[in-house]
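Participant: Below is the file target20.json, which contains JSON, C-alpha atoms.
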[["chain", "number", "residue", "atom", "x", "y", "z"],
["U", 2, "MET", "CA", 38.93, 37.92, 24.69],
["U", 3, "ARG", "CA", 40.88, 40.88, 25.69],
["U", 4, "THR", "CA", 37.81, 42.79, 26.86],
["U", 5, "GLY", "CA", 36.80, 39.87, 29.09],
["U", 6, "TRP", "CA", 40.25, 39.81, 30.66],
["U", 7, "LYS", "CA", 40.10, 43.53, 31.27],
["U", 8, "LYS", "CA", 36.66, 43.35, 32.91],
["U", 9, "LYS", "CA", 37.78, 40.44, 35.08],
["U", 10, "THR", "CA", 40.92, 42.30, 36.20],
["U", 11, "ILE", "CA", 38.98, 45.46, 36.97],
["U", 12, "GLY", "CA", 36.36, 43.45, 38.89],
["U", 13, "LEU", "CA", 39.02, 41.69, 41.00],
["U", 14, "ALA", "CA", 40.84, 44.96, 41.68],
["U", 15, "ALA", "CA", 37.57, 46.59, 42.76],
["U", 16, "ALA", "CA", 36.77, 43.64, 45.05],
["U", 17, "ALA", "CA", 40.26, 43.86, 46.60],
["U", 18, "CYS", "CA", 39.80, 47.59, 47.21],
["U", 19, "ILE", "CA", 36.43, 47.01, 48.85],
["U", 20, "LEU", "CA", 37.88, 44.28, 51.09],
["U", 21, "ALA", "CA", 40.84, 46.48, 52.06],
["U", 22, "ALA", "CA", 38.56, 49.41, 52.82],
["U", 23, "GLY", "CA", 36.30, 47.17, 54.88],
["U", 24, "ALA", "CA", 39.21, 45.82, 56.91],
["U", 25, "THR", "CA", 40.42, 49.30, 57.89],
["U", 26, "ALA", "CA", 36.96, 50.74, 58.52],
["U", 27, "GLY", "CA", 36.69, 48.96, 61.89],
["U", 28, "SER", "CA", 39.83, 50.57, 63.30],
["U", 29, "ALA", "CA", 38.89, 53.95, 61.87],
["U", 30, "MET", "CA", 35.46, 53.70, 63.47],
["U", 31, "ALA", "CA", 37.08, 52.72, 66.77],
["U", 32, "TYR", "CA", 39.22, 55.86, 66.58],
["U", 33, "PHE", "CA", 36.21, 58.08, 66.06],
["U", 34, "THR", "CA", 34.11, 56.40, 68.76],
["U", 35, "THR", "CA", 36.74, 56.80, 71.51],
["U", 36, "TYR", "CA", 36.63, 60.58, 71.27],
["U", 37, "ALA", "CA", 35.28, 62.24, 74.43],
["U", 38, "GLU", "CA", 34.86, 65.82, 75.59],
["U", 39, "ALA", "CA", 35.47, 67.17, 79.07],
["U", 40, "GLU", "CA", 34.27, 70.39, 80.59],
["U", 41, "GLY", "CA", 34.97, 72.22, 83.80],
["U", 42, "SER", "CA", 38.16, 72.98, 85.62],
["U", 43, "GLN", "CA", 40.13, 71.99, 88.66],
["U", 44, "THR", "CA", 42.16, 74.44, 90.67],
["U", 45, "LEU", "CA", 45.74, 73.38, 91.22],
["U", 46, "ARG", "CA", 47.26, 74.91, 94.34],
["U", 47, "LEU", "CA", 51.00, 74.88, 94.72],
["U", 48, "GLY", "CA", 51.96, 75.70, 98.26],
["U", 49, "MET", "CA", 53.87, 74.50, 101.25],
["U", 50, "THR", "CA", 52.92, 72.69, 104.38],
["U", 51, "THR", "CA", 54.44, 74.50, 107.33],
["U", 52, "THR", "CA", 53.97, 74.10, 111.04],
["U", 53, "ILE", "CA", 54.97, 76.03, 114.12],
["U", 54, "PRO", "CA", 55.19, 74.86, 117.73],
["U", 55, "ASP", "CA", 52.88, 76.52, 120.24],
["U", 56, "GLU", "CA", 54.58, 76.23, 123.64],
["U", 57, "GLU", "CA", 53.59, 77.45, 127.08],
["U", 58, "VAL", "CA", 55.45, 76.78, 130.33],
["U", 59, "TYR", "CA", 53.86, 76.89, 133.78],
["U", 60, "ASP", "CA", 54.04, 74.72, 136.92],
["U", 61, "TRP", "CA", 57.36, 73.23, 135.67],
["U", 62, "THR", "CA", 55.49, 71.74, 132.71],
["U", 63, "LYS", "CA", 55.96, 72.58, 129.05],
["U", 64, "HIS", "CA", 52.65, 72.38, 127.14],
["U", 65, "ILE", "CA", 53.21, 71.75, 123.43],
["U", 66, "ARG", "CA", 50.86, 71.88, 120.45],
["U", 67, "VAL", "CA", 51.89, 71.94, 116.80],
["U", 68, "VAL", "CA", 49.90, 74.31, 114.57],
["U", 69, "ASN", "CA", 49.57, 73.70, 110.82],
["U", 70, "THR", "CA", 50.02, 77.16, 109.23],
["U", 71, "GLY", "CA", 50.42, 75.74, 105.72],
["U", 72, "ASP", "CA", 48.05, 74.98, 102.87],
["U", 73, "PHE", "CA", 47.74, 71.18, 103.12],
["U", 74, "ASP", "CA", 47.00, 68.41, 105.60],
["U", 75, "CYS", "CA", 50.09, 67.02, 107.31],
["U", 76, "TYR", "CA", 51.45, 64.67, 109.94],
["U", 77, "VAL", "CA", 53.65, 66.08, 112.71],
["U", 78, "ARG", "CA", 56.32, 64.87, 115.09],
["U", 79, "VAL", "CA", 58.41, 66.51, 117.82],
["U", 80, "LYS", "CA", 61.78, 65.86, 119.43],
["U", 81, "VAL", "CA", 62.88, 67.30, 122.75],
["U", 82, "PHE", "CA", 66.44, 68.32, 123.58],
["U", 83, "ALA", "CA", 67.65, 69.19, 127.07],
["U", 84, "GLY", "CA", 71.02, 69.50, 128.78],
["U", 85, "SER", "CA", 72.68, 66.67, 130.66],
["U", 86, "GLN", "CA", 71.53, 68.15, 133.99],
["U", 87, "LEU", "CA", 67.93, 67.25, 132.99],
["U", 88, "GLU", "CA", 68.70, 63.66, 132.01],
["U", 89, "GLY", "CA", 66.04, 61.46, 133.61],
["U", 90, "ARG", "CA", 64.09, 64.49, 134.87],
["U", 91, "LEU", "CA", 61.64, 64.83, 131.96],
["U", 92, "SER", "CA", 58.37, 62.93, 131.79],
["U", 93, "PHE", "CA", 56.08, 62.99, 128.76],
["U", 94, "SER", "CA", 52.29, 62.68, 128.81],
["U", 95, "ASP", "CA", 49.21, 63.49, 126.78],
["U", 96, "GLU", "CA", 45.57, 63.15, 127.71],
["U", 97, "SER", "CA", 44.38, 62.25, 124.21],
["U", 98, "GLY", "CA", 46.71, 59.27, 123.76],
["U", 99, "LYS", "CA", 47.59, 60.43, 120.25],
["U", 100, "TRP", "CA", 51.30, 61.11, 120.87],
["U", 101, "THR", "CA", 53.48, 57.99, 120.74],
["U", 102, "PRO", "CA", 57.24, 57.71, 121.20],
["U", 103, "GLY", "CA", 59.26, 56.36, 118.30],
["U", 104, "ALA", "CA", 62.55, 54.45, 118.32],
["U", 105, "ASP", "CA", 64.26, 57.56, 116.91],
["U", 106, "ASP", "CA", 63.44, 59.72, 120.01],
["U", 107, "TYR", "CA", 60.65, 61.54, 118.16],
["U", 108, "TYR", "CA", 57.08, 61.67, 119.43],
["U", 109, "TYR", "CA", 54.60, 61.08, 116.59],
["U", 110, "TYR", "CA", 51.10, 62.52, 116.46],
["U", 111, "SER", "CA", 48.73, 59.89, 115.06],
["U", 112, "ASP", "CA", 46.07, 62.14, 113.50],
["U", 113, "VAL", "CA", 46.24, 64.30, 110.39],
["U", 114, "VAL", "CA", 46.53, 68.01, 111.22],
["U", 115, "ALA", "CA", 44.42, 70.11, 108.84],
["U", 116, "PRO", "CA", 45.45, 73.62, 107.71],
["U", 117, "GLY", "CA", 44.71, 76.11, 110.47],
["U", 118, "ALA", "CA", 44.27, 73.34, 113.06],
["U", 119, "SER", "CA", 46.63, 72.13, 115.77],
["U", 120, "SER", "CA", 47.58, 68.85, 117.37],
["U", 121, "ASP", "CA", 46.38, 67.85, 120.80],
["U", 122, "GLU", "CA", 48.55, 68.93, 123.69],
["U", 123, "MET", "CA", 51.61, 67.01, 124.81],
["U", 124, "LYS", "CA", 53.06, 67.81, 128.23],
["U", 125, "ILE", "CA", 56.68, 67.63, 129.32],
["U", 126, "LYS", "CA", 56.93, 67.68, 133.11],
["U", 127, "ILE", "CA", 60.30, 68.89, 134.43],
["U", 128, "ASP", "CA", 61.49, 67.60, 137.80],
["U", 129, "SER", "CA", 63.24, 70.69, 139.18],
["U", 130, "THR", "CA", 64.22, 69.20, 142.54],
["U", 131, "GLY", "CA", 67.76, 70.30, 143.46],
["U", 132, "LEU", "CA", 68.39, 72.30, 140.26],
["U", 133, "ASP", "CA", 70.34, 75.46, 140.99],
["U", 134, "GLN", "CA", 71.32, 76.54, 137.47],
["U", 135, "ASP", "CA", 69.48, 77.77, 134.40],
["U", 136, "PHE", "CA", 68.49, 75.28, 131.74],
["U", 137, "ASN", "CA", 66.53, 75.14, 128.53],
["U", 138, "VAL", "CA", 64.22, 72.49, 127.07],
["U", 139, "ILE", "CA", 64.15, 72.80, 123.28],
["U", 140, "VAL", "CA", 61.34, 71.36, 121.18],
["U", 141, "VAL", "CA", 61.96, 70.71, 117.49],
["U", 142, "GLN", "CA", 58.93, 69.91, 115.35],
["U", 143, "GLU", "CA", 58.71, 68.51, 111.82],
["U", 144, "CYS", "CA", 55.89, 67.87, 109.40],
["U", 145, "THR", "CA", 55.34, 65.81, 106.28],
["U", 146, "PRO", "CA", 52.47, 66.07, 103.79],
["U", 147, "VAL", "CA", 49.76, 63.44, 103.95],
["U", 148, "LEU", "CA", 50.16, 60.76, 101.28],
["U", 149, "TYR", "CA", 47.51, 58.23, 100.24],
["U", 150, "ASP", "CA", 47.90, 54.56, 99.37],
["U", 151, "GLU", "CA", 46.04, 52.82, 96.52],
["U", 152, "ASN", "CA", 43.00, 52.31, 98.80],
["U", 153, "GLY", "CA", 42.81, 56.00, 99.74],
["U", 154, "ASN", "CA", 44.18, 55.53, 103.26],
["U", 155, "PRO", "CA", 46.39, 58.38, 104.54],
["U", 156, "TYR", "CA", 49.96, 57.70, 105.66],
["U", 157, "ALA", "CA", 53.16, 59.60, 106.47],
["U", 158, "ASP", "CA", 56.48, 59.09, 104.69],
["U", 159, "TRP", "CA", 59.16, 60.53, 106.98],
["U", 160, "ASN", "CA", 61.96, 59.48, 104.59],
["U", 161, "ALA", "CA", 60.77, 61.60, 101.67],
["U", 162, "VAL", "CA", 62.47, 64.95, 101.11],
["U", 163, "ALA", "CA", 61.56, 67.93, 98.96],
["U", 164, "ASP", "CA", 64.57, 69.21, 97.04],
["U", 165, "SER", "CA", 64.25, 72.94, 96.45],
["U", 166, "THR", "CA", 66.78, 72.82, 93.59],
["U", 167, "GLU", "CA", 64.54, 70.57, 91.49],
["U", 168, "SER", "CA", 60.87, 70.51, 90.70],
["U", 169, "SER", "CA", 60.33, 66.96, 91.93],
["U", 170, "TYR", "CA", 59.61, 65.16, 95.17],
["U", 171, "THR", "CA", 62.31, 62.59, 95.90],
["U", 172, "GLU", "CA", 62.96, 59.80, 98.34],
["U", 173, "ALA", "CA", 65.76, 60.21, 100.87],
["U", 174, "ASP", "CA", 67.99, 57.99, 98.72],
["U", 175, "GLY", "CA", 67.66, 60.39, 95.77],
["U", 176, "GLU", "CA", 65.24, 58.40, 93.61],
["U", 177, "VAL", "CA", 62.20, 60.19, 92.21],
["U", 178, "ALA", "CA", 59.04, 59.20, 94.09],
["U", 179, "GLU", "CA", 56.06, 58.12, 92.02]]
Is it possible to express this structure as structure tokens?

Facilitator:
Amino acid sequence: MRTGWKKKTIGLAAAACILAAGATAGSAMAYFTTYAEAEGSQTLRLGMTTTIPDEEVYDWTKHIRVVNTGDFDCYVRVKVFAGSQLEGRLSFSDESGKWTPGADDYYYYSDVVAPGASSDEMKIKIDSTGLDQDFNVIVVQECTPVLYDENGNPYADWNAVADSTESSYTEADGEVAE
């Protein structure tokens, strides 16, 4: 009787081992079938987007373009400062219709400016009637890199700031942008 008991125990243990091995084989096979190889490379360029204003003055009109001298596409905006003697004497125009005034006294260019390209011209006409003193019209330009939404549409985030003390891109409120 003892030999029968021993054979029965060994048979049950073997069946349990086979069932256990069968149950784990599916997950092991899934591990081995999800393996994939990739070839090739992608160049990662770390650079800055910088712009410079291109200004010419003739016929009491300041002609402004913003040139992208950086490495990436960007959006641009300009703000004009003048002394109190020119208050109400400046008029803004552009033939392309791509410059629009914002509530924050900036003029926003609607198109993306590619590296090496420039914005369309914006004109600031100065009414010099009765002016007998020197004055200066200062143009300040800013740029922001082009960002893309989940549908691939480009947009500008003028509240985002790049902190040079960290290696991350953060929102104006200090939170890390994702």

Participant: Of the residues U:Asn154, U:Lys63, U:Trp159, U:Asp74, which is the one nearest to Tyr107 (chain U), using only C-alpha atoms?

Facilitator: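 Of the candidates, the smallest distance to Tyr107 (chain U) is held by U:Trp159.
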
Participant: Closest to Ser119 (chain U) among U:Pro54, U:Gly41, U:Gly12, U:Gly153, using all atoms listed in the file?

Facilitator: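 The shortest atom-to-atom distance to Ser119 (chain U) comes from U:Pro54.
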
Participant: Which residue gives the smallest distance to Tyr59 (chain U) among U:Asp95, U:Asn152, U:Thr145, U:Ile127, with all atoms listed in the file counted?

Facilitator: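 Among U:Asp95, U:Asn152, U:Thr145, U:Ile127, it is U:Ile127 that comes nearest to Tyr59 (chain U).
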
Participant: Please write as an MDAnalysis selection string the list of polymer residues whose atoms come within 12 Å of (54.4, 70.9, 113.6), counting only C-alpha atoms and keeping to the coordinates of the file.

Facilitator: chainID U and resid 50:56 65:71 74:80 108:110 113:122 140:146

Participant: Could you give me, as a PyMOL selection string, the residues that have an atom at most 6 Å away from the point (56.6, 67.3, 131.7) in the coordinates of the file, using all atoms listed in the file?

Facilitator: chain U and resi 62-63+91-93+124-127

Participant: Here is a test: counting all atoms listed in the file, which residue of U:Leu13, U:Phe136, U:Glu38, U:Met123 is nearest to Ser94 (chain U)?

Facilitator: U:Met123

Participant: Separation of CA of Ser129 (chain U) and CA of Leu87 (chain U), in Å?

Facilitator: 8.5 Å

Participant: Pick the closest to Val81 (chain U) from U:Ile139, U:Ala39, U:Val162, U:Ala14: which is it, counting all atoms listed in the file?

Facilitator: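 Of all the options, U:Ile139 lies closest to Val81 (chain U).
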
Participant: Would you mind reading off the distance between CA of Phe73 (chain U) and CA of Pro102 (chain U), one decimal, in Å?

Facilitator: 24.5 Å

Participant: Just how far from CA of Gln86 (chain U) is CA of Asp133 (chain U), in Å to one decimal?

Facilitator: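 Those two atoms sit 10.2 Å apart.
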